[in-house]
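Enquirer: I have a structure I would like to understand better, so I am pasting it below and will then ask my questions one at a time.
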Amino acid sequence: MLRYLVSFDAKRVAHHFTDVLIIGGGIAGLRAALELPSELTALIVTKDKVRESNSAYAQGGIASVLSPEDRFEDHVEDTIIAGAGLCDRAVVEHVVREAPSQIADLIKYGTHFDLENGLLALTQEGGHSHRRIVHALGDATGHEVMRAMICRARAIPNAQIWDDTFILDLLTHEGHCVGAVLARGGQKLLVWARQTILAAGGAGMVYRETTNPPVATGDGMAAAWRAGAKLRDMEFMQFHPTVLYVAGGARSLITEAVRGEGAYLRDKDGNRFMLDADPRAEKATRDIVSQAIFRCMERTQHPNVYLDMSHLDAEHVRRRFPHIDSACRAFGLDITKDRIPVRPGAHYMVGGVTVDIDGRTSLPGLWAAGEVSSSGLHGANRLASNSLLEGLVFGTSCAHGAAAEARSMPDALSALPLRHVVEPADGALDVADITNSLRSLMVRNMGIVRDRKRLLEARDDVAFWCRYVLAREFDGRPGWELQNLLTIARLMIDSALAREESRGCHFRSDFPRRDDEHWQKHLTCPTVGAIG
């Protein structure tokens with residue numbers, strides 16, 4: 001295991017200096033940038049174009065108590081129930097109570113949420129007891145929110161945005177994060193920062209079947225782990241129950257709000273199997289629905305189940321879900337009449353870099369927000385539409401904390417004489433083949449239902465690949481992403497083996513019961529040197 005993915009010598013590479021480095025241009029990173037005081041310089045780096053993030057692909061919306069029939073206490077309890085005993089109540093209450101002001105800020109930034117009779121339109125999703133989800137463009141909330149935030153962020157005079165910039169590693173010196181090693185324009189460079197905010201998103205691409213865009217390869221989590229920051233709860237990968245499943249087509253997400261508006265799930269014979277799975281039927285939480293779909297597909301020996309909206313008002317369905325309607329029409333499917341083939345896909349990494357209520361990590365100088373982090377909000381299973389909200393609240397908190405720390409430091413930055421050498425390795429590797437093999441293995445052995453035998457097989461295969469992949473230096477994004485995916489997969493598998501119970505989105509068929517006596521606790525990943 002290398003401390004840094006690439007060789008570098010501070011005397012031979014370009015340098016850039018900033019007060020606050022923000023790694024990631026999704027909703028958490030941009031919210032942090034918008035909250036930083038104007039006297040501090042900020043650099044926002046994104047792996048692809050700034051519009052290409054998990055945040056931009058979010059369909060459903062943002063959860064917030066805005067209706068007079070709803071209460072903060074109800075949103076808190078819904079979140080804690082979904083989190084299956086691992087939520088931090090103080091964090092949940094903080095995030096829930098901050099939600100209305102964050103929605104107001106988004107409107108101030110220029111976000112156009114859907115309205116109904118002049119008021120914000122609210123919908124309901126699985127696990128929520130009330131209609132509290134604000135949405136935009138029907139089913140393209142993330143796209144609209146990110147449009148407004150990107151426009152606002154580009155106008156900040158004290159901030160720069162670098163597209164097409166890969167985070168290779170976090171720079172550390174004497175136990176502090178002091179910036180990052182980046183790859184940009186075919187060159188390596190060192191960015192030195194008084195404080196660093198990590199908002200690099202999730203790792204859905206570790207699975208073959210995923211709702212995530214190609215950028216979600218766990219780069220931020222892997223870099224933080226190599227730098228010595230604590231990670232936890234990596235066994236909790238949430239699978240979205242309803243991903244459009246058409247041979248030859250992209251795995252398009254079918255938002256939770258479809259079931260919230262009354263859609264049914266049916267097996268191949270037309271039976272509503274969720275009626276027997278949970279009293280909430282289709283409105284149960286994602287872990288329960290995904291596991292029920294998995295069992296249904298096994299029982300029927302059919303590769304998918306079906307969403308049925310034929311009993312709902314056709315005009316309302318098309319108006320409410322225009323993007324889903326368009327995606328299905330490309331395959332000759334009419335969402336108001338036809339049953340839509342769906343199956344679960346990897347969606348959201350619940351675990352990640354451990355942070356406190358302010359977004360502070362265990363590594364001084366490093367803060368984290370959004371999907372890259374584990375804040376205590378989601379517990380063992382994320383409640384629908386709490387993710388964008390978490391990014392907003394913790395992006396704001398990280399900006400406040402990082403700004404206070406940066407102001408307390410001397411207003412002078414200098415390069416440190418750091419150097420790292422990777423010994424050359426013999427022979428070329430087929431990076432694409434190993435990546436595809438890994439993603440397929442994770443679906444088979446580390447999917448919705450797990451057991452010790454398959455997890456041990458996965459651990460052995462991943463350990464074998466790690467031995468000859470992680471010790472070499474690559475010269476481009478595919479190789480670096482493979483190294484990060486292998487790192488994250490290993491942490492996920494080890495955590496899944498360790499947790500000998502079923503809780504939230506972690507289900508062990510050999511330990512099918514939740515065991516609060518022994519396992520109502522977080523699992524912190526071993527440090528770099530402790531992994532064999």
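Ligands are numbered from 1 in the order shown, residues from 1 within each chain, and chains are lettered A, B, ... in the order they appear in the structure tokens.
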Which residues are near Leu523 of chain A? Cut-off 12 Å, only C-alpha atoms, ignore same chain within fewer than 6 positions. Put them as a tab-separated table (two decimals) with C-alpha atoms, in the first residue's frame.
Expert:
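out.tsv written:
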```
chain	number	residue	atom	x	y	z
A	86	LEU	CA	-27.07	4.05	14.42
A	230	LYS	CA	-10.69	7.69	10.13
A	231	LEU	CA	-13.38	6.02	8.03
A	232	ARG	CA	-16.32	4.07	9.40
A	233	ASP	CA	-19.46	2.08	8.51
A	234	MET	CA	-18.23	1.10	5.06
A	235	GLU	CA	-20.49	-1.96	5.03
A	236	PHE	CA	-23.51	0.30	4.56
A	351	GLY	CA	-20.36	5.18	5.46
A	352	GLY	CA	-17.31	7.32	4.80
A	353	VAL	CA	-14.88	9.72	6.44
A	354	THR	CA	-15.85	10.15	10.09
A	374	SER	CA	-20.13	9.67	7.81
A	379	GLY	CA	-27.13	5.68	10.64
A	380	ALA	CA	-27.31	2.32	8.88
A	491	LEU	CA	-12.67	-1.62	3.38
A	492	MET	CA	-16.29	-2.41	2.52
A	494	ASP	CA	-13.78	-6.22	5.72
A	495	SER	CA	-16.51	-4.17	7.43
A	496	ALA	CA	-19.26	-6.44	6.09
A	497	LEU	CA	-17.41	-9.49	7.39
A	498	ALA	CA	-16.96	-7.91	10.80
A	499	ARG	CA	-20.62	-6.95	11.29
A	500	GLU	CA	-22.24	-10.30	12.08
```
Enquirer: So which residues touch Leu171 of chain A within 9 Å, counting only C-alpha atoms, skipping near sequence neighbours fewer than 3 positions away, as a list of chain:residue names?
Expert: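 With the cut-off at 9 Å, the set is A:Tyr4, A:His176, A:Cys177, A:Val178, A:Gly179, A:Ala180, A:Val181, A:Leu190, A:Val191, A:Trp192, A:Ala227, A:Leu418.
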Enquirer: Distance atom CA of Cys87 of chain A-atom CA of Val206 of chain A, one decimal place?
Expert: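 So the two atoms, atom CA of Cys87 of chain A and atom CA of Val206 of chain A, lie 25.0 Å apart.
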Enquirer: Mind listing the strand (DSSP E) residues of segment 207-409 of chain A, per DSSP on the backbone, as a ChimeraX atom specification?
Expert: /A:231-232,237-244,264-266,305-308,340-349,352-354,366-368,373-374
Enquirer: Quick one: everything within 12 Å of Asp426 of chain A, counting only C-alpha atoms, minus sequence neighbours fewer than 5 positions away in the same chain. Send it as a list in words.
Expert: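 Neighbouring residues, sequence-local ones excluded: Tyr468, Val469, Ala471, Arg472 and Glu473 of chain A.
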Enquirer: For a quick check of understanding, using only C-alpha atoms, which of A:Val92, A:Arg318, A:Ala463, A:His518 has the smallest distance to Met1 of chain A?
Expert: A:Ala463
Enquirer: Work out how far atom CA of Glu125 of chain A is from atom CA of Thr79 of chain A, in Å to one decimal.
Expert: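 One can read the atom CA of Thr79 of chain A to atom CA of Glu125 of chain A distance as 12.2 Å.
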